[in-house]
Every structure is written in C-alpha cells, then in structure tokens.
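*Asks:* Before we start, here is the structure in question, set down as structure tokens.
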Amino acid sequence: MAGNGQQSNEQSTRNGIQALESAFSGILKCRQDVDSTRATLSTGYQGSDGGQFGSLLQQWDEQCDTILRNLKDMIVKLDTSLAQHGKAQGSSNDAINQAYSASQAAFDQLAG
C-alpha cells in the first residue's frame with residue numbers, strides 16, 4: 001500500500017507541475033493579447049482617459065510579472081520535490097534490497 005501512496009504523490013506532483021505550466025502559458029497568452037490591444041488603442045487614446053488606461057495596464061502588467069514569478073518558483077519547487085522523491089524512492093529500494101540480501105544470507109547460514 002505504501003508504494004501506491006508514493007506513486008500517487010508522484011503523479012499528483014506531476015499533475016501539479018503540468019497545471020502550473022498551463023497557467024503560466026495562459027497568462028503569457030493573455031499578456032500578449034493585452035499588449036496587442038494596448039498597441040491598437042494607444043493611437044486613439046491620447047487624453048486623460050488614455051493616461052488612466054495606460055496606468056491601469058501598467059499595474060496589470062506588474063501584477064502579471066508577480067504572478068508569473070510565483071508560478072515559476074512553484075514549478076521549480078515541485079520539480080525539485082519530484083527529483084528528491086525519486087532519490088528517496090531509489091534509496092528506499094536499495095535499503096530494502098540490502099536488508100533482503102542480509103536476511104537471505106543469515107537464513108542460508110542457518111539452513112546450512
């Protein structure tokens with residue numbers, strides 16, 4: 001059963017990474033759409049309303065940067081966790097194999 005739990009955790013981590021990467025890509029696409037709209041509207045928005053629109057887009061862009069940095073950081077942390085999980089899994093398997101070999105050798109000696 002413990003193996004199933006670890007397998008599930010590994011798959012959940014992979015799913016989490018995939019979801020974060022998808023969100024990252026989606027935000028980049030939205031950012032491109034906003035930049036395109038900004039370029040289109042900038043020629044016609046010259047008054048104070050245009051200035052406020054520009055300020056709003058600047059704030060949005062800064063928030064977008066923060067979100068993208070946080071997503072990237074979470075992806076890196078999950079990737080690191082996944083790599084450590086793989087190392088721990090391999091180490092556990094090695095320990096189990098060594099214990100099995102030792103017990104088998106002891107049994108063989110007792111059996112004569």
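Ligands are numbered from 1 in the order shown, residues from 1 within each chain, and chains are lettered A, B, ... in the order they appear in the structure tokens.
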Set the distance at 9 Å and use only C-alpha atoms: which residues neighbour range 60-64 of chain A once local chain neighbours fewer than 4 positions away are removed? I'd like the list as number ranges by chain.
*Replies:* A: 27-28, 31, 55-56, 68-69
*Asks:* Excluding range 75-83 of chain A and its own-chain neighbours fewer than 6 positions away, which residues fall within 7 Å of it when counting only C-alpha atoms? Please give them as a PyMOL selection string.
*Replies:* chain A and resi 10+13+17+20
*Asks:* Take the selection from the previous step and output its residues with N, CA, C and O atoms, as a JSON list (two decimals), in the first residue's frame.
*Replies:*
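Output file out-v3.json follows:
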```json
[["chain", "number", "residue", "atom", "x", "y", "z"],
["A", 10, "GLU", "N", 3.63, 11.07, -6.42],
["A", 10, "GLU", "CA", 4.47, 11.43, -7.56],
["A", 10, "GLU", "C", 3.60, 11.91, -8.72],
["A", 10, "GLU", "O", 3.88, 12.93, -9.34],
["A", 13, "THR", "N", 2.16, 15.29, -8.02],
["A", 13, "THR", "CA", 3.18, 16.34, -8.22],
["A", 13, "THR", "C", 3.33, 16.63, -9.71],
["A", 13, "THR", "O", 3.39, 17.79, -10.12],
["A", 17, "ILE", "N", 2.60, 20.20, -11.56],
["A", 17, "ILE", "CA", 3.56, 20.89, -12.43],
["A", 17, "ILE", "C", 2.91, 21.22, -13.76],
["A", 17, "ILE", "O", 3.03, 22.34, -14.27],
["A", 20, "LEU", "N", 0.44, 24.09, -13.38],
["A", 20, "LEU", "CA", 1.13, 25.38, -13.22],
["A", 20, "LEU", "C", 1.74, 25.85, -14.55],
["A", 20, "LEU", "O", 1.67, 27.04, -14.88]]
```
*Asks:* Which is closer to Gln58 in chain A than all the others in A:Lys29, A:Tyr45, A:Lys72, A:Asp35, using only C-alpha atoms?
*Replies:*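 Using only C-alpha atoms, Gln58 in chain A sits closest to A:Asp35.
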*Asks:* Counting only C-alpha atoms, which residue out of A:Ala23, A:Leu57, A:Met74, A:Ile67 sits closest to Thr37 in chain A?
*Replies:* A:Leu57
*Asks:* Set the distance at 10 Å and use only C-alpha atoms: which residues neighbour Ser42 in chain A once local chain neighbours fewer than 4 positions away are removed? I'd like the list as an MDAnalysis selection string.
*Replies:* chainID A and resid 36:38 46 50:51 53:54
*Asks:* Using Å and a single decimal, report how far CA of Ala39 in chain A sits from CA of Asn70 in chain A.
*Replies:*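 Straight-line distance from CA of Asn70 in chain A to CA of Ala39 in chain A works out to 27.1 Å.
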*Asks:* Interatomic distance between CA of Gln59 in chain A and CA of Asp73 in chain A?
*Replies:*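 Atom-to-atom, CA of Gln59 in chain A and CA of Asp73 in chain A are spaced 21.3 Å apart.
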